[in-house]
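So this block is target.cif, mmCIF, C-alpha atoms (C1' of nucleotides) and all ligand atoms:
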```
data_coords
#
loop_
_atom_site.label_atom_id
_atom_site.label_comp_id
_atom_site.auth_asym_id
_atom_site.auth_seq_id
_atom_site.Cartn_x
_atom_site.Cartn_y
_atom_site.Cartn_z
CA MET A 29 -19.60 14.11 25.82
CA ALA A 30 -18.83 15.19 22.32
CA LYS A 31 -16.37 12.38 22.18
CA MET A 32 -18.87 9.78 23.30
CA GLN A 33 -21.35 10.91 20.72
CA LYS A 34 -18.83 10.40 17.98
CA GLU A 35 -18.37 6.81 18.94
CA TYR A 36 -22.01 5.93 19.48
CA ASN A 37 -22.47 4.88 15.93
CA LEU A 38 -19.58 2.51 15.81
CA SER A 39 -20.72 -1.08 15.60
CA LYS A 40 -19.30 -3.78 17.82
CA ASN A 41 -16.51 -4.85 15.48
CA GLN A 42 -15.73 -1.32 14.43
CA GLN A 43 -15.31 -0.30 18.06
CA ILE A 44 -13.08 -3.28 18.84
CA VAL A 45 -10.83 -2.55 15.90
CA PHE A 46 -10.77 1.15 16.60
CA ASP A 47 -9.80 0.59 20.24
CA ILE A 48 -6.80 -1.47 19.20
CA ILE A 49 -5.61 1.19 16.82
CA GLU A 50 -6.26 4.11 19.11
CA ARG A 51 -4.39 2.53 21.99
CA SER A 52 -1.35 1.75 19.92
CA SER A 53 1.53 4.15 19.86
CA GLU A 54 2.45 3.04 16.39
CA PRO A 55 0.71 2.11 13.14
CA VAL A 56 -1.04 -1.23 13.36
CA LYS A 57 -1.21 -3.80 10.61
CA ALA A 58 -4.41 -5.54 9.67
CA TYR A 59 -3.21 -9.00 10.60
CA SER A 60 -1.81 -7.76 13.86
CA ILE A 61 -5.27 -6.44 14.62
CA LEU A 62 -6.75 -9.75 13.60
CA TYR A 63 -4.41 -11.60 15.91
CA ASN A 64 -5.28 -9.31 18.78
CA VAL A 65 -9.03 -9.58 18.42
CA LYS A 66 -9.29 -13.34 18.12
CA LYS A 67 -10.12 -13.48 21.81
CA LYS A 68 -13.00 -11.11 21.22
CA GLY A 69 -14.58 -13.33 18.62
CA ILE A 70 -13.33 -11.75 15.45
CA LYS A 71 -11.87 -14.61 13.53
CA ALA A 72 -11.46 -13.76 9.88
CA PRO A 73 -9.77 -11.10 7.75
CA PRO A 74 -12.94 -9.71 6.18
CA GLN A 75 -14.26 -8.75 9.57
CA VAL A 76 -11.18 -6.67 10.22
CA TYR A 77 -10.95 -5.19 6.76
CA ARG A 78 -14.62 -4.21 6.80
CA ALA A 79 -14.20 -2.43 10.08
CA LEU A 80 -11.09 -0.68 8.80
CA GLU A 81 -12.87 0.43 5.67
CA LYS A 82 -15.72 1.93 7.63
CA LEU A 83 -13.42 3.64 10.12
CA ILE A 84 -11.49 5.21 7.27
CA LYS A 85 -14.74 6.42 5.72
CA LEU A 86 -15.66 7.98 9.03
CA GLY A 87 -12.28 9.66 9.26
CA LYS A 88 -11.50 7.98 12.56
CA ILE A 89 -8.42 6.24 11.24
CA HIS A 90 -6.06 6.62 8.31
CA LYS A 91 -4.05 4.16 6.32
CA VAL A 92 -0.35 4.85 6.10
CA GLU A 93 0.07 3.64 2.55
CA SER A 94 3.81 3.17 2.57
CA LYS A 95 3.47 0.87 5.55
CA ASN A 96 0.17 -0.87 4.95
CA ALA A 97 -0.72 0.08 8.48
CA PHE A 98 -3.39 2.07 10.27
CA VAL A 99 -3.34 4.94 12.72
CA ALA A 100 -6.06 6.72 14.67
CA CYS A 101 -6.76 10.25 13.53
CA LYS A 102 -5.62 12.88 15.94
CA SER A 103 -6.81 15.99 14.23
CA SER A 104 -10.55 15.38 14.07
CA ASN A 105 -11.18 17.48 11.00
CA CYS A 106 -9.92 14.88 8.58
CA GLU A 107 -13.42 13.47 8.41
CA ILE A 108 -14.40 16.27 6.13
CA SER A 109 -11.23 16.92 4.27
CA LYS A 110 -9.89 13.43 3.63
CA ALA A 111 -6.59 15.20 3.56
CA THR A 112 -3.78 13.58 5.47
CA ALA A 113 -0.12 14.22 6.07
CA PHE A 114 2.33 12.09 7.98
CA SER A 115 5.85 12.37 9.23
CA ILE A 116 7.72 9.08 9.10
CA CYS A 117 11.10 8.46 10.65
CA GLU A 118 13.32 6.37 8.42
CA ILE A 119 15.16 4.81 11.32
CA CYS A 120 12.75 4.18 14.19
CA GLU A 121 9.71 4.22 11.90
CA LYS A 122 7.78 6.51 14.19
CA VAL A 123 4.74 7.91 12.42
CA THR A 124 3.07 11.18 13.37
CA GLU A 125 0.09 12.85 11.79
CA ILE A 126 0.92 16.40 10.82
CA ALA A 127 -1.70 19.03 11.58
CA ASN A 128 -0.40 22.23 10.06
CA ASN A 129 -2.63 24.89 8.61
CA LYS A 130 -0.05 26.36 6.33
CA LEU A 131 0.51 22.94 4.81
CA SER A 132 -3.13 21.99 4.51
CA ASN A 133 -4.13 25.35 3.13
CA PHE A 134 -1.43 25.15 0.55
CA LEU A 135 -2.35 21.65 -0.57
CA ASN A 136 -6.09 22.17 -0.45
CA SER A 137 -5.81 25.14 -2.74
CA PHE A 138 -3.18 23.65 -5.00
CA GLU A 139 -3.94 23.71 -8.70
CA ASP A 140 -1.82 21.96 -11.26
CA LYS A 141 -1.06 23.36 -14.68
CA SER A 142 -4.27 22.07 -16.17
CA GLY A 143 -6.24 23.85 -13.49
CA MET A 144 -7.16 20.63 -11.79
CA LYS A 145 -7.90 20.91 -8.09
CA TYR A 146 -8.00 18.16 -5.54
CA LYS A 147 -10.37 17.54 -2.69
CA LYS A 148 -8.30 14.78 -1.23
CA TYR A 149 -4.66 13.99 -0.77
CA ASN A 150 -2.24 11.85 1.13
CA LEU A 151 1.24 13.07 1.92
CA GLU A 152 3.99 11.08 3.55
CA PHE A 153 7.17 12.84 4.60
CA PHE A 154 10.32 10.86 5.34
CA GLY A 155 13.18 12.02 7.50
CA LEU A 156 14.79 11.52 10.85
CA CYS A 157 12.95 12.24 14.04
CA LYS A 158 14.54 14.23 16.85
CA LYS A 159 15.79 11.20 18.70
CA CYS A 160 17.26 9.49 15.68
CA LYS A 161 18.92 12.63 14.43
CA LYS A 162 20.97 12.83 17.60
CA THR A 163 22.43 9.36 17.35
CA MET B 1473 23.16 10.95 -25.53
CA ALA B 1474 22.57 11.92 -21.94
CA LYS B 1475 19.60 9.63 -21.98
CA MET B 1476 21.56 6.67 -23.31
CA GLN B 1477 24.20 7.11 -20.70
CA LYS B 1478 21.64 6.90 -18.00
CA GLU B 1479 20.50 3.56 -19.22
CA TYR B 1480 23.88 2.00 -19.83
CA ASN B 1481 24.17 0.73 -16.34
CA LEU B 1482 20.84 -1.04 -16.24
CA SER B 1483 21.30 -4.77 -16.08
CA LYS B 1484 19.40 -7.12 -18.35
CA ASN B 1485 16.46 -7.72 -16.03
CA GLN B 1486 16.35 -4.11 -14.94
CA GLN B 1487 16.13 -2.98 -18.55
CA ILE B 1488 13.40 -5.48 -19.38
CA VAL B 1489 11.31 -4.40 -16.43
CA PHE B 1490 11.93 -0.74 -17.08
CA ASP B 1491 10.87 -1.06 -20.71
CA ILE B 1492 7.55 -2.54 -19.72
CA ILE B 1493 6.86 0.25 -17.28
CA GLU B 1494 8.05 3.03 -19.54
CA ARG B 1495 5.92 1.87 -22.44
CA SER B 1496 2.78 1.62 -20.38
CA SER B 1497 0.39 4.53 -20.29
CA GLU B 1498 -0.73 3.54 -16.83
CA PRO B 1499 0.81 2.29 -13.59
CA VAL B 1500 1.89 -1.33 -13.86
CA LYS B 1501 1.59 -3.92 -11.14
CA ALA B 1502 4.41 -6.24 -10.23
CA TYR B 1503 2.60 -9.40 -11.20
CA SER B 1504 1.44 -7.87 -14.43
CA ILE B 1505 5.09 -7.20 -15.20
CA LEU B 1506 5.94 -10.73 -14.23
CA TYR B 1507 3.30 -12.11 -16.56
CA ASN B 1508 4.58 -9.96 -19.42
CA VAL B 1509 8.22 -10.92 -19.07
CA LYS B 1510 7.79 -14.67 -18.83
CA LYS B 1511 8.60 -14.91 -22.51
CA LYS B 1512 11.86 -13.11 -21.87
CA GLY B 1513 12.97 -15.63 -19.33
CA ILE B 1514 12.05 -13.87 -16.12
CA LYS B 1515 10.05 -16.45 -14.26
CA ALA B 1516 9.82 -15.61 -10.60
CA PRO B 1517 8.65 -12.72 -8.40
CA PRO B 1518 12.04 -11.95 -6.83
CA GLN B 1519 13.51 -11.22 -10.22
CA VAL B 1520 10.87 -8.59 -10.81
CA TYR B 1521 10.91 -7.15 -7.32
CA ARG B 1522 14.69 -6.86 -7.35
CA ALA B 1523 14.63 -4.98 -10.60
CA LEU B 1524 11.87 -2.72 -9.29
CA GLU B 1525 13.83 -1.99 -6.14
CA LYS B 1526 16.91 -1.00 -8.08
CA LEU B 1527 14.97 1.13 -10.56
CA ILE B 1528 13.36 2.98 -7.69
CA LYS B 1529 16.74 3.57 -6.12
CA LEU B 1530 17.97 4.97 -9.41
CA GLY B 1531 14.96 7.26 -9.62
CA LYS B 1532 13.88 5.77 -12.93
CA ILE B 1533 10.54 4.62 -11.63
CA HIS B 1534 8.27 5.41 -8.71
CA LYS B 1535 5.83 3.33 -6.75
CA VAL B 1536 2.33 4.68 -6.52
CA GLU B 1537 1.68 3.53 -2.99
CA SER B 1538 -2.08 3.74 -3.00
CA LYS B 1539 -2.17 1.45 -6.02
CA ASN B 1540 0.77 -0.87 -5.43
CA ALA B 1541 1.83 -0.06 -8.95
CA PHE B 1542 4.80 1.44 -10.70
CA VAL B 1543 5.30 4.30 -13.14
CA ALA B 1544 8.30 5.58 -15.05
CA CYS B 1545 9.64 8.90 -13.87
CA LYS B 1546 8.98 11.73 -16.25
CA SER B 1547 10.71 14.55 -14.50
CA SER B 1548 14.28 13.27 -14.29
CA ASN B 1549 15.26 15.19 -11.19
CA CYS B 1550 13.52 12.81 -8.83
CA GLU B 1551 16.68 10.77 -8.72
CA ILE B 1552 18.21 13.33 -6.45
CA SER B 1553 15.26 14.53 -4.52
CA LYS B 1554 13.29 11.35 -3.96
CA ALA B 1555 10.34 13.67 -3.84
CA THR B 1556 7.29 12.61 -5.78
CA ALA B 1557 3.81 13.94 -6.36
CA PHE B 1558 1.01 12.31 -8.29
CA SER B 1559 -2.40 13.25 -9.52
CA ILE B 1560 -4.83 10.35 -9.44
CA CYS B 1561 -8.28 10.38 -11.00
CA GLU B 1562 -10.84 8.71 -8.79
CA ILE B 1563 -12.92 7.55 -11.72
CA CYS B 1564 -10.68 6.52 -14.61
CA GLU B 1565 -7.67 5.98 -12.31
CA LYS B 1566 -5.35 7.91 -14.57
CA VAL B 1567 -2.11 8.70 -12.77
CA THR B 1568 0.13 11.61 -13.68
CA GLU B 1569 3.36 12.69 -12.08
CA ILE B 1570 3.20 16.33 -11.07
CA ALA B 1571 6.24 18.45 -11.79
CA ASN B 1572 5.56 21.80 -10.24
CA ASN B 1573 8.23 24.00 -8.76
CA LYS B 1574 5.94 25.87 -6.45
CA LEU B 1575 4.77 22.60 -4.98
CA SER B 1576 8.18 21.00 -4.70
CA ASN B 1577 9.79 24.11 -3.28
CA PHE B 1578 7.08 24.36 -0.68
CA LEU B 1579 7.36 20.75 0.37
CA ASN B 1580 11.13 20.57 0.27
CA SER B 1581 11.38 23.51 2.60
CA PHE B 1582 8.53 22.50 4.84
CA GLU B 1583 9.28 22.37 8.54
CA ASP B 1584 6.89 20.99 11.07
CA LYS B 1585 6.35 22.45 14.51
CA SER B 1586 9.28 20.59 15.99
CA GLY B 1587 11.53 22.05 13.33
CA MET B 1588 11.87 18.74 11.58
CA LYS B 1589 12.69 18.92 7.87
CA TYR B 1590 12.28 16.23 5.28
CA LYS B 1591 14.49 15.23 2.41
CA LYS B 1592 11.96 12.91 0.93
CA TYR B 1593 8.22 12.80 0.46
CA ASN B 1594 5.45 11.15 -1.46
CA LEU B 1595 2.26 13.00 -2.23
CA GLU B 1596 -0.82 11.57 -3.88
CA PHE B 1597 -3.62 13.90 -4.90
CA PHE B 1598 -7.06 12.53 -5.66
CA GLY B 1599 -9.67 14.21 -7.80
CA LEU B 1600 -11.34 14.07 -11.17
CA CYS B 1601 -9.39 14.49 -14.35
CA LYS B 1602 -10.60 16.76 -17.13
CA LYS B 1603 -12.37 14.02 -19.02
CA CYS B 1604 -14.12 12.59 -16.02
CA LYS B 1605 -15.18 15.97 -14.72
CA LYS B 1606 -17.16 16.58 -17.87
CA THR B 1607 -19.23 13.43 -17.65
"C1'" DA C 1240 44.06 -15.58 -10.68
"C1'" DA C 1241 41.75 -13.85 -6.63
"C1'" DC C 1242 38.45 -10.90 -4.82
"C1'" DA C 1243 34.37 -8.15 -3.96
"C1'" DG C 1244 30.23 -6.47 -5.31
"C1'" DT C 1245 26.26 -6.89 -8.02
"C1'" DA C 1246 23.01 -9.56 -10.45
"C1'" DT C 1247 20.52 -13.86 -11.46
"C1'" DG C 1248 17.82 -18.27 -10.92
"C1'" DT C 1249 14.71 -21.00 -8.24
"C1'" DA C 1250 11.69 -22.87 -4.72
"C1'" DA C 1251 9.12 -22.04 -1.00
"C1'" DT C 1252 6.43 -19.19 1.85
"C1'" DA C 1253 4.84 -14.91 4.15
"C1'" DA C 1254 1.94 -10.99 4.27
"C1'" DT C 1255 -1.83 -8.34 2.60
"C1'" DA C 1256 -6.44 -8.12 0.76
"C1'" DT C 1257 -10.88 -9.50 -1.49
"C1'" DA C 1258 -14.84 -12.46 -3.36
"C1'" DA C 1259 -18.85 -14.74 -2.50
"C1'" DC C 1260 -22.60 -16.11 0.01
"C1'" DA C 1261 -25.43 -17.05 4.08
"C1'" DT C 1262 -27.21 -14.98 8.21
"C1'" DT C 1263 -28.16 -11.55 11.75
"C1'" DT C 1264 -29.04 -7.10 13.67
"C1'" DG C 1265 -31.09 -2.63 14.30
"C1'" DA C 1266 -33.50 1.21 13.31
"C1'" DA C 1267 -37.51 3.27 10.84
"C1'" DA C 1268 -42.13 3.07 8.90
"C1'" DG C 1269 -46.60 1.39 8.70
"C1'" DC D 535 -45.80 -5.17 16.98
"C1'" DT D 536 -44.37 -6.66 12.53
"C1'" DT D 537 -42.69 -5.53 8.14
"C1'" DT D 538 -38.95 -3.81 5.77
"C1'" DC D 539 -34.44 -2.40 4.34
"C1'" DA D 540 -29.86 -1.16 5.04
"C1'" DA D 541 -25.93 -2.14 7.60
"C1'" DA D 542 -23.22 -5.33 9.88
"C1'" DT D 543 -21.62 -9.98 10.81
"C1'" DG D 544 -19.86 -14.82 10.17
"C1'" DT D 545 -17.46 -18.07 7.35
"C1'" DT D 546 -14.85 -20.33 3.73
"C1'" DA D 547 -12.05 -19.93 0.21
"C1'" DT D 548 -9.03 -17.55 -2.76
"C1'" DA D 549 -6.53 -13.66 -4.91
"C1'" DT D 550 -2.85 -10.46 -4.77
"C1'" DT D 551 1.39 -8.56 -3.23
"C1'" DA D 552 5.96 -9.30 -1.40
"C1'" DT D 553 9.96 -11.61 0.91
"C1'" DT D 554 13.30 -15.30 2.61
"C1'" DA D 555 16.77 -18.28 1.70
"C1'" DC D 556 20.15 -20.28 -0.77
"C1'" DA D 557 22.80 -21.53 -4.89
"C1'" DT D 558 25.06 -19.74 -8.93
"C1'" DA D 559 26.95 -16.46 -12.33
"C1'" DC D 560 28.59 -12.29 -14.03
"C1'" DT D 561 31.49 -7.72 -13.62
"C1'" DG D 562 35.21 -5.05 -13.03
"C1'" DT D 563 39.50 -4.37 -10.11
"C1'" DT D 564 43.81 -5.57 -7.83
ZN ZN A 1701 -6.44 12.71 10.65
ZN ZN A 1702 13.32 8.04 14.70
ZN ZN A 1703 9.77 11.37 -10.94
ZN ZN A 1704 -10.50 10.41 -15.02
#
```

Please render this file's structure as structure tokens.
Amino acid sequence: MAKMQKEYNLSKNQQIVFDIIERSSEPVKAYSILYNVKKKGIKAPPQVYRALEKLIKLGKIHKVESKNAFVACKSSNCEISKATAFSICEICEKVTEIANNKLSNFLNSFEDKSGMKYKKYNLEFFGLCKKCKKT
Amino acid sequence: MAKMQKEYNLSKNQQIVFDIIERSSEPVKAYSILYNVKKKGIKAPPQVYRALEKLIKLGKIHKVESKNAFVACKSSNCEISKATAFSICEICEKVTEIANNKLSNFLNSFEDKSGMKYKKYNLEFFGLCKKCKKT
DNA sequence: AACAGTATGTAATAATATAACATTTGAAAG
DNA sequence: CTTTCAAATGTTATATTATTACATACTGTT
């Protein structure tokens, strides 16, 4: 019920785009989304990019900057914090959102030398996932 | 002397591209570089992108992913670690590389739940710089 | 000289993203 | 119910970022 409520305010295009991303097991690229929603009547890049922009604002998806691709948020408190962290495998390219309090607490309270604090961050970790480490 | 040595092995195009980036007070975009080196005989995107790729590998520059732009490395140990952190002002867009041992130690030793460790990361912090906070 | 590895030059094209403008929709207020 | 305003949509064109592919040249080493 809580879940349904969250999605009530998604518009038609936003919902279509979100569904694609949420169902994917890997980050989805904008033009891959576009290709996949042609049958649903979305024909042009701006329609996709506008939906993406709104979904990011709502915290329902994130952009993985190093890949120019989009993933659904799994942790559900990113909406407020705008703070994201990802684990990216350098071989199989698997991307996982990291939800780790120690990490987020550390980064949210981080102050640089000048005393500057940050309300928002994006962190991308690169390494080898379990599977790829074995081989 | 140490500094000169480091730059000995840059090729002609690599040095030209590096100079542009190093002299800039802000992140430089690939096509801005291209425009600025036309007079020096570099005419086509691949020449710039190849130089950028090599300079990144050497740790002499970094890509600021959220901006698709490039900055010269200030901290000189990134070559080994491939670990970068930036502070980005959301108003004036000023970008600064963060060199902070507490931060880098924390991230270099970070382990996620699965026990996965990472040899490489990119972190981008967003906030307001001193100047912009005042106004 | 022969070789291997790195770098360069060049043309074409792919992939990612935005600008600009007209139109429609949907909820809220009167 | 209709006026109104913000959000969302549709559409065309274009801007920006990045790579492929292939030919050539330079570098240091055997
Ligand atoms: Zn999230
Ligand atoms: Zn993997
Ligand atoms: Zn650096
Ligand atoms: Zn600023």

- Message: At a cut-off of 9 Å around ligand ZN 1702 (chain A), and using only C-alpha atoms (C1' of nucleotides) and all ligand atoms, what residues come up? Please write them as a ChimeraX atom specification.
- Response: /A:116-123,155-161

- Nearest to chain C by atom-to-atom distance, counting only C-alpha atoms (C1' of nucleotides), from A:Ile44, A:Ile126, A:Val76, A:Ile49: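 Under the stated criterion, the closest residue is A:Val76.
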
- Item | Atomic separation - atom C1' of D:DT554 relative to atom CA of A:Tyr59, Å |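 Atom C1' of D:DT554 lies at a distance of 19.4 Å from atom CA of A:Tyr59.
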
Emit as JSON the padded axis-aligned box for all listed atoms of stretch 1568-1587 of chain B, 5 Å per side, with centre and edge lengths in Å to one decimal.
```
{"center_x": 5.8, "center_y": 18.7, "center_z": 1.2, "size_x": 21.4, "size_y": 24.3, "size_z": 39.7}
```

Residues contacting ligand ZN 1701 (chain A) - anything with an atom at most 8 Å away, using only C-alpha atoms (C1' of nucleotides) and all ligand atoms - can you give me those as an mmCIF file with C-alpha atoms, keeping the file's coordinate frame?
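Final output, selection13.cif:
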```cif
data_model
loop_
_atom_site.group_PDB
_atom_site.id
_atom_site.type_symbol
_atom_site.label_atom_id
_atom_site.label_comp_id
_atom_site.auth_asym_id
_atom_site.auth_seq_id
_atom_site.Cartn_x
_atom_site.Cartn_y
_atom_site.Cartn_z
ATOM 1 C CA GLY A 87 -12.280 9.660 9.260
ATOM 2 C CA LYS A 88 -11.500 7.980 12.560
ATOM 3 C CA ILE A 89 -8.420 6.240 11.240
ATOM 4 C CA HIS A 90 -6.060 6.620 8.310
ATOM 5 C CA ALA A 100 -6.060 6.720 14.670
ATOM 6 C CA CYS A 101 -6.760 10.250 13.530
ATOM 7 C CA LYS A 102 -5.620 12.880 15.940
ATOM 8 C CA SER A 103 -6.810 15.990 14.230
ATOM 9 C CA SER A 104 -10.550 15.380 14.070
ATOM 10 C CA ASN A 105 -11.180 17.480 11.000
ATOM 11 C CA CYS A 106 -9.920 14.880 8.580
ATOM 12 C CA GLU A 107 -13.420 13.470 8.410
ATOM 13 C CA LYS A 110 -9.890 13.430 3.630
ATOM 14 C CA ALA A 111 -6.590 15.200 3.560
ATOM 15 C CA THR A 112 -3.780 13.580 5.470
ATOM 16 C CA ALA A 113 -0.120 14.220 6.070
ATOM 17 C CA GLU A 125 0.090 12.850 11.790
ATOM 18 C CA ALA A 127 -1.700 19.030 11.580
#
```

- Once you count all atoms listed in the file, which residues of chain B turn out to be within 8 Å of chain C? Could you give them as a PyMOL selection string? chain B and resi 1483+1516+1519

- Residues of chain D no more than 8 Å from chain A, counting all atoms listed in the file: send them over as a list of chain:residue names. D:DA542, D:DT543, D:DT545

- Have a look at atom CA of B:Phe1597 and atom CA of B:Pro1499 and let me know their distance in Å, one decimal.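 Calculated distance between atom CA of B:Phe1597 and atom CA of B:Pro1499 is 15.2 Å.
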
- Separation of atom CA of A:Ala97 from atom CA of A:Arg51 in Å: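 Interatomic distance here is 14.2 Å.
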
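With distances taken over all atoms listed in the file, A:Ser142 is the one residue among A:Ser142, A:Asn64, A:Ser132, A:Ser52 lying closest to chain B.
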
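Residues from chain B that have an atom within 6 Å of chain A, counting all atoms listed in the file, are B:Glu1537, B:Ser1538, B:Tyr1590, B:Lys1592, B:Tyr1593, B:Asn1594, B:Leu1595, B:Glu1596, B:Phe1597, B:Phe1598, B:Gly1599.
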
Kindly write N, CA and C atoms of stretch 1498-1511 of chain B from the structure just given to a file, as a compact mmCIF listing (two decimals), in the first residue's frame.
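Wrote it out as part_39.txt, contents follow:
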```txt
# COMPACT_ATOMS: atom_id res chain seq x y z
N GLU B 1498 39.42 25.78 -14.41
CA GLU B 1498 38.19 25.00 -14.27
C GLU B 1498 38.25 23.76 -15.16
N PRO B 1499 37.36 22.81 -14.92
CA PRO B 1499 37.36 21.60 -15.74
C PRO B 1499 37.18 21.96 -17.21
N VAL B 1500 37.86 21.24 -18.07
CA VAL B 1500 37.83 21.54 -19.50
C VAL B 1500 37.16 20.39 -20.24
N LYS B 1501 36.33 20.75 -21.18
CA LYS B 1501 35.62 19.73 -21.96
C LYS B 1501 36.43 19.33 -23.19
N ALA B 1502 36.21 18.13 -23.63
CA ALA B 1502 37.00 17.60 -24.74
C ALA B 1502 36.93 18.48 -25.98
N TYR B 1503 35.76 18.94 -26.30
CA TYR B 1503 35.63 19.72 -27.53
C TYR B 1503 36.13 21.15 -27.37
N SER B 1504 36.17 21.60 -26.14
CA SER B 1504 36.81 22.87 -25.87
C SER B 1504 38.31 22.74 -26.06
N ILE B 1505 38.87 21.64 -25.61
CA ILE B 1505 40.28 21.35 -25.86
C ILE B 1505 40.53 21.31 -27.36
N LEU B 1506 39.70 20.55 -28.04
CA LEU B 1506 39.86 20.41 -29.48
C LEU B 1506 39.88 21.77 -30.17
N TYR B 1507 38.94 22.61 -29.80
CA TYR B 1507 38.88 23.94 -30.39
C TYR B 1507 40.18 24.71 -30.14
N ASN B 1508 40.70 24.57 -28.92
CA ASN B 1508 41.88 25.34 -28.53
C ASN B 1508 43.20 24.81 -29.09
N VAL B 1509 43.20 23.62 -29.62
CA VAL B 1509 44.46 23.07 -30.13
C VAL B 1509 44.47 22.96 -31.65
N LYS B 1510 43.45 23.49 -32.27
CA LYS B 1510 43.40 23.47 -33.74
C LYS B 1510 44.62 24.17 -34.32
N LYS B 1511 44.98 25.27 -33.68
CA LYS B 1511 46.14 26.03 -34.16
C LYS B 1511 47.45 25.25 -34.02
```
